[in-house]
file protein_36.pdb (PDB, C-alpha atoms, pLDDT in the B column)
ATOM      1  CA  MET A 111       0.000   0.000   0.000  1.00 88.00           C
ATOM      2  CA  PRO A 112       1.393   3.433  -0.906  1.00 94.00           C
ATOM      3  CA  ARG A 113       2.555   5.658   1.915  1.00 96.00           C
ATOM      4  CA  VAL A 114       2.078   9.358   2.542  1.00 97.00           C
ATOM      5  CA  VAL A 115       4.733  10.671   4.924  1.00 97.00           C
ATOM      6  CA  SER A 116       4.615  14.245   6.172  1.00 96.00           C
ATOM      7  CA  ILE A 117       7.791  15.645   7.697  1.00 94.00           C
ATOM      8  CA  TYR A 118       7.218  18.614   9.996  1.00 90.00           C
ATOM      9  CA  SER A 119       9.270  20.893  12.178  1.00 86.00           C
ATOM     10  CA  ASP A 120       8.423  24.273  13.620  1.00 80.00           C
ATOM     11  CA  GLN A 121      12.120  25.170  13.233  1.00 77.00           C
ATOM     12  CA  ALA A 122      13.589  26.441   9.967  1.00 73.00           C
ATOM     13  CA  GLY A 123      16.763  24.601   8.957  1.00 76.00           C
ATOM     14  CA  THR A 124      15.959  21.308  10.655  1.00 84.00           C
ATOM     15  CA  GLY A 125      16.329  19.145   7.554  1.00 87.00           C
ATOM     16  CA  LYS A 126      12.773  18.751   6.248  1.00 88.00           C
ATOM     17  CA  SER A 127      13.724  19.368   2.615  1.00 86.00           C
ATOM     18  CA  THR A 128      16.877  17.279   2.985  1.00 90.00           C
ATOM     19  CA  ALA A 129      14.773  14.420   4.371  1.00 94.00           C
ATOM     20  CA  ALA A 130      12.237  14.689   1.541  1.00 94.00           C
ATOM     21  CA  ALA A 131      14.986  14.718  -1.091  1.00 93.00           C
ATOM     22  CA  TYR A 132      16.605  11.659   0.514  1.00 96.00           C
ATOM     23  CA  LEU A 133      13.347   9.677   0.490  1.00 97.00           C
ATOM     24  CA  CYS A 134      12.784  10.643  -3.153  1.00 96.00           C
ATOM     25  CA  ASP A 135      16.338   9.854  -4.277  1.00 97.00           C
ATOM     26  CA  TRP A 136      16.873   6.625  -2.340  1.00 97.00           C
ATOM     27  CA  TYR A 137      13.399   5.153  -1.907  1.00 97.00           C
ATOM     28  CA  GLY A 138      11.423   6.451  -4.893  1.00 97.00           C
ATOM     29  CA  PHE A 139       9.034   8.680  -2.987  1.00 98.00           C
ATOM     30  CA  HIS A 140       7.331  11.511  -4.893  1.00 98.00           C
ATOM     31  CA  HIS A 141       7.595  15.015  -3.418  1.00 95.00           C
ATOM     32  CA  VAL A 142       4.374  16.981  -2.954  1.00 94.00           C
ATOM     33  CA  SER A 143       4.446  20.551  -1.704  1.00 88.00           C
ATOM     34  CA  PHE A 144       1.572  22.495  -0.195  1.00 86.00           C
ATOM     35  CA  ALA A 145       3.691  25.613  -0.650  1.00 83.00           C
ATOM     36  CA  ALA A 146       4.642  25.065  -4.307  1.00 84.00           C
ATOM     37  CA  PRO A 147       1.997  27.472  -5.663  1.00 88.00           C
ATOM     38  CA  VAL A 148       3.071  30.098  -3.116  1.00 88.00           C
ATOM     39  CA  LYS A 149       6.773  29.704  -3.963  1.00 84.00           C
ATOM     40  CA  GLN A 150       5.981  29.925  -7.686  1.00 85.00           C
ATOM     41  CA  ALA A 151       4.035  33.149  -7.069  1.00 88.00           C
ATOM     42  CA  ALA A 152       6.902  34.644  -5.035  1.00 85.00           C
ATOM     43  CA  ILE A 153       9.393  33.781  -7.781  1.00 82.00           C
ATOM     44  CA  ALA A 154       7.072  35.274 -10.413  1.00 84.00           C
ATOM     45  CA  ILE A 155       6.816  38.510  -8.401  1.00 84.00           C
ATOM     46  CA  ALA A 156      10.552  38.766  -7.681  1.00 81.00           C
ATOM     47  CA  SER A 157      11.819  37.601 -11.091  1.00 80.00           C
ATOM     48  CA  PRO A 158      11.359  40.891 -12.988  1.00 83.00           C
ATOM     49  CA  ILE A 159      13.262  42.661 -10.217  1.00 79.00           C
ATOM     50  CA  ILE A 160      16.161  40.285  -9.587  1.00 75.00           C
ATOM     51  CA  GLY A 161      16.024  37.988 -12.656  1.00 71.00           C
ATOM     52  CA  VAL A 162      14.359  34.621 -13.168  1.00 61.00           C
ATOM     53  CA  SER A 163      17.395  32.444 -12.566  1.00 65.00           C
ATOM     54  CA  THR A 164      18.391  34.558  -9.582  1.00 59.00           C
ATOM     55  CA  ALA A 165      14.918  34.240  -8.004  1.00 56.00           C
ATOM     56  CA  THR A 166      14.930  30.466  -8.496  1.00 60.00           C
ATOM     57  CA  ASP A 167      18.464  30.185  -7.068  1.00 66.00           C
ATOM     58  CA  TRP A 168      17.537  32.439  -4.154  1.00 62.00           C
ATOM     59  CA  MET A 169      14.534  30.252  -3.289  1.00 63.00           C
ATOM     60  CA  VAL A 170      16.916  27.332  -2.875  1.00 64.00           C
ATOM     61  CA  GLU A 171      20.119  28.902  -1.576  1.00 67.00           C
ATOM     62  CA  ARG A 172      19.346  32.356  -0.210  1.00 71.00           C
ATOM     63  CA  LYS A 173      15.652  32.273   0.639  1.00 75.00           C
ATOM     64  CA  GLU A 174      16.190  34.233   3.873  1.00 76.00           C
ATOM     65  CA  ALA A 175      18.447  36.911   2.313  1.00 78.00           C
ATOM     66  CA  PRO A 176      17.021  40.439   2.084  1.00 84.00           C
ATOM     67  CA  ILE A 177      16.238  41.705  -1.409  1.00 82.00           C
ATOM     68  CA  HIS A 178      16.800  45.448  -1.343  1.00 85.00           C
ATOM     69  CA  GLU A 179      14.670  46.005  -4.448  1.00 84.00           C
ATOM     70  CA  ILE A 180      11.572  44.793  -2.594  1.00 81.00           C
ATOM     71  CA  GLY A 181      12.106  46.762   0.581  1.00 88.00           C
ATOM     72  CA  GLY A 182      14.548  44.342   2.198  1.00 88.00           C
ATOM     73  CA  ALA A 183      12.031  41.502   2.373  1.00 86.00           C
ATOM     74  CA  SER A 184      13.271  37.995   1.628  1.00 84.00           C
ATOM     75  CA  LEU A 185      11.616  35.418  -0.607  1.00 82.00           C
ATOM     76  CA  VAL A 186      10.488  33.649   2.574  1.00 83.00           C
ATOM     77  CA  ASP A 187       8.841  36.877   3.740  1.00 88.00           C
ATOM     78  CA  LEU A 188       7.146  37.193   0.360  1.00 88.00           C
ATOM     79  CA  CYS A 189       5.979  33.557   0.532  1.00 86.00           C
ATOM     80  CA  CYS A 190       4.533  34.122   4.015  1.00 86.00           C
ATOM     81  CA  THR A 191       2.654  37.215   2.854  1.00 91.00           C
ATOM     82  CA  ILE A 192       1.225  35.430  -0.187  1.00 92.00           C
ATOM     83  CA  GLY A 193       0.403  32.275   1.794  1.00 89.00           C
ATOM     84  CA  PHE A 194      -1.379  34.170   4.562  1.00 88.00           C
ATOM     85  CA  ALA A 195      -3.367  36.179   1.990  1.00 93.00           C
ATOM     86  CA  ILE A 196      -4.463  33.007   0.195  1.00 92.00           C
ATOM     87  CA  ARG A 197      -5.441  31.322   3.455  1.00 88.00           C
ATOM     88  CA  GLU A 198      -7.412  34.385   4.543  1.00 91.00           C
ATOM     89  CA  LYS A 199      -9.327  34.749   1.268  1.00 95.00           C
ATOM     90  CA  HIS A 200      -9.591  31.053   0.355  1.00 93.00           C
ATOM     91  CA  PRO A 201      -9.227  28.830   3.449  1.00 90.00           C
ATOM     92  CA  GLY A 202      -8.369  25.264   2.560  1.00 91.00           C
ATOM     93  CA  LEU A 203      -7.288  26.036  -1.015  1.00 93.00           C
ATOM     94  CA  LEU A 204      -3.613  25.133  -0.585  1.00 91.00           C
ATOM     95  CA  ALA A 205      -4.551  22.006   1.388  1.00 92.00           C
ATOM     96  CA  SER A 206      -6.939  20.934  -1.388  1.00 93.00           C
ATOM     97  CA  ILE A 207      -4.287  21.434  -4.081  1.00 93.00           C
ATOM     98  CA  GLY A 208      -1.686  19.468  -2.117  1.00 92.00           C
ATOM     99  CA  LYS A 209      -4.132  16.679  -1.247  1.00 95.00           C
ATOM    100  CA  ALA A 210      -5.199  16.315  -4.889  1.00 95.00           C
ATOM    101  CA  SER A 211      -1.547  16.057  -5.990  1.00 95.00           C
ATOM    102  CA  ALA A 212      -0.763  13.445  -3.334  1.00 96.00           C
ATOM    103  CA  GLN A 213      -3.946  11.476  -4.017  1.00 97.00           C
ATOM    104  CA  GLU A 214      -3.135  11.227  -7.723  1.00 97.00           C
ATOM    105  CA  ILE A 215       0.281   9.724  -6.929  1.00 97.00           C
ATOM    106  CA  VAL A 216      -1.175   7.313  -4.337  1.00 97.00           C
ATOM    107  CA  GLU A 217      -3.831   6.144  -6.815  1.00 97.00           C
ATOM    108  CA  ARG A 218      -1.017   5.260  -9.242  1.00 97.00           C
ATOM    109  CA  GLY A 219       0.678   3.248  -6.462  1.00 97.00           C
ATOM    110  CA  GLY A 220       3.394   5.754  -5.563  1.00 97.00           C
ATOM    111  CA  ASP A 221       4.676   6.802  -2.158  1.00 97.00           C
ATOM    112  CA  VAL A 222       4.497  10.494  -1.238  1.00 97.00           C
ATOM    113  CA  VAL A 223       6.607  12.705   1.010  1.00 97.00           C
ATOM    114  CA  ILE A 224       5.494  16.181   2.074  1.00 95.00           C
ATOM    115  CA  ASP A 225       7.983  18.509   3.760  1.00 88.00           C
ATOM    116  CA  ASP A 226       6.049  21.724   4.169  1.00 84.00           C
ATOM    117  CA  MET A 227       2.891  21.001   6.163  1.00 87.00           C
ATOM    118  CA  ARG A 228       2.202  24.104   8.238  1.00 83.00           C
ATOM    119  CA  HIS A 229      -1.491  24.355   9.021  1.00 86.00           C
ATOM    120  CA  VAL A 230      -4.238  22.252  10.556  1.00 89.00           C
ATOM    121  CA  ASP A 231      -6.192  22.020   7.268  1.00 90.00           C
ATOM    122  CA  GLU A 232      -3.087  20.511   5.632  1.00 91.00           C
ATOM    123  CA  TRP A 233      -2.782  18.062   8.535  1.00 93.00           C
ATOM    124  CA  HIS A 234      -6.384  16.913   8.007  1.00 92.00           C
ATOM    125  CA  ALA A 235      -5.876  16.603   4.233  1.00 93.00           C
ATOM    126  CA  ILE A 236      -2.898  14.288   4.842  1.00 94.00           C
ATOM    127  CA  ALA A 237      -4.790  12.331   7.506  1.00 95.00           C
ATOM    128  CA  LYS A 238      -7.607  11.640   5.010  1.00 95.00           C
ATOM    129  CA  LEU A 239      -5.009   9.950   2.813  1.00 95.00           C
ATOM    130  CA  GLY A 240      -3.828   7.768   5.726  1.00 95.00           C
ATOM    131  CA  GLY A 241      -0.704   9.868   6.188  1.00 95.00           C
ATOM    132  CA  GLU A 242       2.087   9.324   8.684  1.00 95.00           C
ATOM    133  CA  PHE A 243       3.264  12.352  10.643  1.00 95.00           C
ATOM    134  CA  VAL A 244       6.943  12.786  11.510  1.00 95.00           C
ATOM    135  CA  LYS A 245       8.248  15.661  13.633  1.00 92.00           C
ATOM    136  CA  LEU A 246      11.914  16.609  13.420  1.00 91.00           C
ATOM    137  CA  THR A 247      13.781  18.649  16.018  1.00 87.00           C
ATOM    138  CA  ARG A 248      17.428  19.684  15.799  1.00 85.00           C
ATOM    139  CA  THR A 249      19.068  20.429  19.143  1.00 87.00           C
ATOM    140  CA  THR A 250      21.932  22.278  17.467  1.00 76.00           C
ATOM    141  CA  ASN A 251      19.743  24.505  15.302  1.00 66.00           C
ATOM    142  CA  THR A 252      20.994  28.084  15.380  1.00 61.00           C
ATOM    143  CA  ASN A 253      18.203  29.367  13.136  1.00 60.00           C
ATOM    144  CA  THR A 254      15.856  31.377  15.316  1.00 52.00           C
ATOM    145  CA  ARG A 255      13.188  31.899  12.633  1.00 52.00           C
ATOM    146  CA  SER A 256      10.100  29.924  13.576  1.00 53.00           C
ATOM    147  CA  ASP A 257       7.006  31.303  11.878  1.00 54.00           C
ATOM    148  CA  MET A 258       5.236  28.005  12.468  1.00 53.00           C
ATOM    149  CA  GLU A 259       5.915  27.593  16.175  1.00 52.00           C
ATOM    150  CA  GLY A 260       2.846  26.290  17.959  1.00 54.00           C
ATOM    151  CA  LEU A 261       0.547  26.043  14.917  1.00 72.00           C
ATOM    152  CA  LEU A 262       0.420  22.253  15.125  1.00 81.00           C
ATOM    153  CA  ALA A 263       1.436  21.910  18.782  1.00 73.00           C
ATOM    154  CA  ASP A 264      -1.848  20.305  19.833  1.00 79.00           C
ATOM    155  CA  LEU A 265      -1.691  17.559  17.192  1.00 86.00           C
ATOM    156  CA  GLU A 266      -0.199  14.135  17.706  1.00 88.00           C
ATOM    157  CA  PHE A 267       2.716  12.945  15.603  1.00 92.00           C
ATOM    158  CA  ASP A 268       3.295   9.277  14.807  1.00 94.00           C
ATOM    159  CA  VAL A 269       7.065   9.633  15.174  1.00 94.00           C
ATOM    160  CA  GLY A 270       9.335  12.239  16.670  1.00 93.00           C
ATOM    161  CA  PHE A 271      13.045  12.330  15.937  1.00 93.00           C
ATOM    162  CA  VAL A 272      15.647  14.550  17.591  1.00 93.00           C
ATOM    163  CA  ILE A 273      18.771  15.286  15.592  1.00 92.00           C
ATOM    164  CA  ASP A 274      21.750  16.029  17.812  1.00 92.00           C
ATOM    165  CA  ALA A 275      24.266  16.937  15.124  1.00 88.00           C
ATOM    166  CA  PRO A 276      25.398  20.198  13.548  1.00 84.00           C
ATOM    167  CA  GLN A 277      23.641  21.456  10.446  1.00 79.00           C
ATOM    168  CA  GLY A 278      25.199  19.825   7.409  1.00 82.00           C
ATOM    169  CA  ASP A 279      25.800  16.528   9.251  1.00 89.00           C
ATOM    170  CA  HIS A 280      22.987  14.336   7.948  1.00 91.00           C
ATOM    171  CA  SER A 281      24.169  10.927   9.174  1.00 93.00           C
ATOM    172  CA  GLN A 282      21.647  10.681  12.038  1.00 94.00           C
ATOM    173  CA  LEU A 283      18.826  11.920   9.816  1.00 94.00           C
ATOM    174  CA  TYR A 284      19.663   9.459   7.023  1.00 96.00           C
ATOM    175  CA  GLY A 285      19.815   6.556   9.474  1.00 95.00           C
ATOM    176  CA  PHE A 286      16.403   7.501  10.842  1.00 96.00           C
ATOM    177  CA  LEU A 287      14.963   7.846   7.311  1.00 96.00           C
ATOM    178  CA  ASP A 288      16.325   4.430   6.290  1.00 96.00           C
ATOM    179  CA  THR A 289      14.527   2.898   9.257  1.00 95.00           C
ATOM    180  CA  LEU A 290      11.342   4.833   8.473  1.00 95.00           C
ATOM    181  CA  ALA A 291      11.369   4.001   4.749  1.00 95.00           C
ATOM    182  CA  GLU A 292      11.972   0.320   5.415  1.00 92.00           C
ATOM    183  CA  GLY A 293       8.866   0.252   7.637  1.00 88.00           C
ATOM    184  CA  GLN A 294      10.724  -0.450  10.853  1.00 84.00           C
ATOM    185  CA  ILE A 295       9.096   2.478  12.629  1.00 77.00           C
TER     186      ILE A 295
END
call {"tool": "encode", "arguments": {"input": "protein_36.pdb", "output": "C-alpha cells"}}
result
Amino acid sequence: MPRVVSIYSDQAGTGKSTAAAYLCDWYGFHHVSFAAPVKQAAIAIASPIIGVSTATDWMVERKEAPIHEIGGASLVDLCCTIGFAIREKHPGLLASIGKASAQEIVERGGDVVIDDMRHVDEWHAIAKLGGEFVKLTRTTNTNTRSDMEGLLADLEFDVGFVIDAPQGDHSQLYGFLDTLAEGQI
C-alpha cells in the first residue's frame, strides 16, 4: 500500500527538505508541496526585479536573504505574505491542491513525502489519505526563525526524531529515514 509521509518541524533549517529529497532519491518517494503554488508566485513577483534564474536560485540557496529592491524583504517573507493572503481569502485552497496532488500519486501506487505542512487544514488533508506524521527537532539549530511555532502543537505525531548533530551533518537523519522508509518504525 502506498505511503504518505509528512515531515514537519516548527524550526527552519531542521532538515525537512533534505529528508524529503533523501526519500525521493533513495526510496522512490514523490515530493508533494503544499507551498509550491506560493513559492511559484513569489518567484514570479521577484523575477522581474532580480532575474528569473536569480529568483529560483535564491529560493533554494538564499531564501532568507534580504532583497533590497523589494524593501529588504526575503523570498520567505514574500511567501509568508502570499500564503497568509491566500489562506485568509480562500481557506483550505492550498490544502486541497496538495491533497489532490498526493492522491493522484497514491492512486497510481506511488509513495508520497510532504515537507512543508504548516497548518491544521493541511494536517487533516494528509490524515484523510492515511498519512504518517513525523516531527523533526534539531538540538543544534541556530536558526531562530520559527514562523510556524505552535501552529500544530496540539496535534499528535506518529514519530518524533531529535537530531543532535550540527547542520550539514545528515548521518543521524539518514539513518532515521532508512529505518522509516523500510517500515521499521
call {"tool": "atom_distance", "arguments": {"input": "protein_36.pdb", "atom1": "CA of Asp268 (chain A)", "atom2": "CA of Ala205 (chain A)"}}
result
20.1 Å
call {"tool": "resolve_selection", "arguments": {"input": "protein_36.pdb", "expression": "the PyMOL selection byres ((chain A and resi 215) around 12)", "output": "PyMOL selection string"}}
result
chain A and resi 111-114+138-142+208-214+216-223+239
call {"tool": "write_last_selection", "arguments": {"input": "protein_36.pdb", "atoms": "C-alpha atoms", "output": "PDB file, in the frame of the given file"}}
result
ATOM      1  CA  MET A 111       0.000   0.000   0.000  1.00 88.00           C
ATOM      2  CA  PRO A 112       1.393   3.433  -0.906  1.00 94.00           C
ATOM      3  CA  ARG A 113       2.555   5.658   1.915  1.00 96.00           C
ATOM      4  CA  VAL A 114       2.078   9.358   2.542  1.00 97.00           C
ATOM      5  CA  GLY A 138      11.423   6.451  -4.893  1.00 97.00           C
ATOM      6  CA  PHE A 139       9.034   8.680  -2.987  1.00 98.00           C
ATOM      7  CA  HIS A 140       7.331  11.511  -4.893  1.00 98.00           C
ATOM      8  CA  HIS A 141       7.595  15.015  -3.418  1.00 95.00           C
ATOM      9  CA  VAL A 142       4.374  16.981  -2.954  1.00 94.00           C
ATOM     10  CA  GLY A 208      -1.686  19.468  -2.117  1.00 92.00           C
ATOM     11  CA  LYS A 209      -4.132  16.679  -1.247  1.00 95.00           C
ATOM     12  CA  ALA A 210      -5.199  16.315  -4.889  1.00 95.00           C
ATOM     13  CA  SER A 211      -1.547  16.057  -5.990  1.00 95.00           C
ATOM     14  CA  ALA A 212      -0.763  13.445  -3.334  1.00 96.00           C
ATOM     15  CA  GLN A 213      -3.946  11.476  -4.017  1.00 97.00           C
ATOM     16  CA  GLU A 214      -3.135  11.227  -7.723  1.00 97.00           C
ATOM     17  CA  VAL A 216      -1.175   7.313  -4.337  1.00 97.00           C
ATOM     18  CA  GLU A 217      -3.831   6.144  -6.815  1.00 97.00           C
ATOM     19  CA  ARG A 218      -1.017   5.260  -9.242  1.00 97.00           C
ATOM     20  CA  GLY A 219       0.678   3.248  -6.462  1.00 97.00           C
ATOM     21  CA  GLY A 220       3.394   5.754  -5.563  1.00 97.00           C
ATOM     22  CA  ASP A 221       4.676   6.802  -2.158  1.00 97.00           C
ATOM     23  CA  VAL A 222       4.497  10.494  -1.238  1.00 97.00           C
ATOM     24  CA  VAL A 223       6.607  12.705   1.010  1.00 97.00           C
ATOM     25  CA  LEU A 239      -5.009   9.950   2.813  1.00 95.00           C
TER      26      LEU A 239
END
call {"tool": "residues_around", "arguments": {"input": "protein_36.pdb", "residues": "Glu266 (chain A)", "least_positions_apart": "4", "cutoff": "10 Å", "atoms": "all atoms listed in the file", "output": "PyMOL selection string"}}
result
chain A and resi 243-245+262+270
call {"tool": "closest_residue", "arguments": {"input": "protein_36.pdb", "among": "A:Leu265, A:Val186, A:Ile180, A:Val272", "to": "Arg248 (chain A)", "atoms": "only C-alpha atoms"}}
result
A:Val272
call {"tool": "residues_around", "arguments": {"input": "protein_36.pdb", "residues": "Gln282 (chain A)", "least_positions_apart": "4", "cutoff": "12 Å", "atoms": "all atoms listed in the file", "output": "ChimeraX atom specification"}}
result
/A:125,129,246-248,271-278,286-289
call {"tool": "atom_distance", "arguments": {"input": "protein_36.pdb", "atom1": "CA of Ala152 (chain A)", "atom2": "CA of Ala263 (chain A)"}}
result
27.6 Å
call {"tool": "resolve_selection", "arguments": {"input": "protein_36.pdb", "expression": "the PyMOL selection byres ((chain A and resi 130) around 7)", "output": "PyMOL selection string"}}
result
chain A and resi 126-129+131-134+141+223-225
call {"tool": "residues_around", "arguments": {"input": "protein_36.pdb", "residues": "Asp231 (chain A)", "least_positions_apart": "4", "cutoff": "10 Å", "atoms": "only C-alpha atoms", "output": "PyMOL selection string"}}
result
chain A and resi 201-206+227+235-237
call {"tool": "closest_residue", "arguments": {"input": "protein_36.pdb", "among": "A:Ala122, A:Leu188, A:Ala175, A:Val269", "to": "Ala156 (chain A)", "atoms": "only C-alpha atoms"}}
result
A:Leu188
call {"tool": "atom_distance", "arguments": {"input": "protein_36.pdb", "atom1": "CA of Gln294 (chain A)", "atom2": "CA of Leu261 (chain A)"}}
result
28.7 Å
call {"tool": "closest_residue", "arguments": {"input": "protein_36.pdb", "among": "A:His229, A:His280, A:Lys199, A:His178", "to": "Ala145 (chain A)", "atoms": "all atoms listed in the file"}}
result
A:His229
call {"tool": "residues_around", "arguments": {"input": "protein_36.pdb", "residues": "Asp187 (chain A)", "least_positions_apart": "6", "cutoff": "12 Å", "atoms": "only C-alpha atoms", "output": "MDAnalysis selection string"}}
result
chainID A and resid 148:149 152:153 156 169 173:177 180:181 193:194 255 257
call {"tool": "closest_residue", "arguments": {"input": "protein_36.pdb", "among": "A:Glu292, A:Leu283, A:Ile159, A:Arg228", "to": "Ser119 (chain A)", "atoms": "all atoms listed in the file"}}
result
A:Arg228
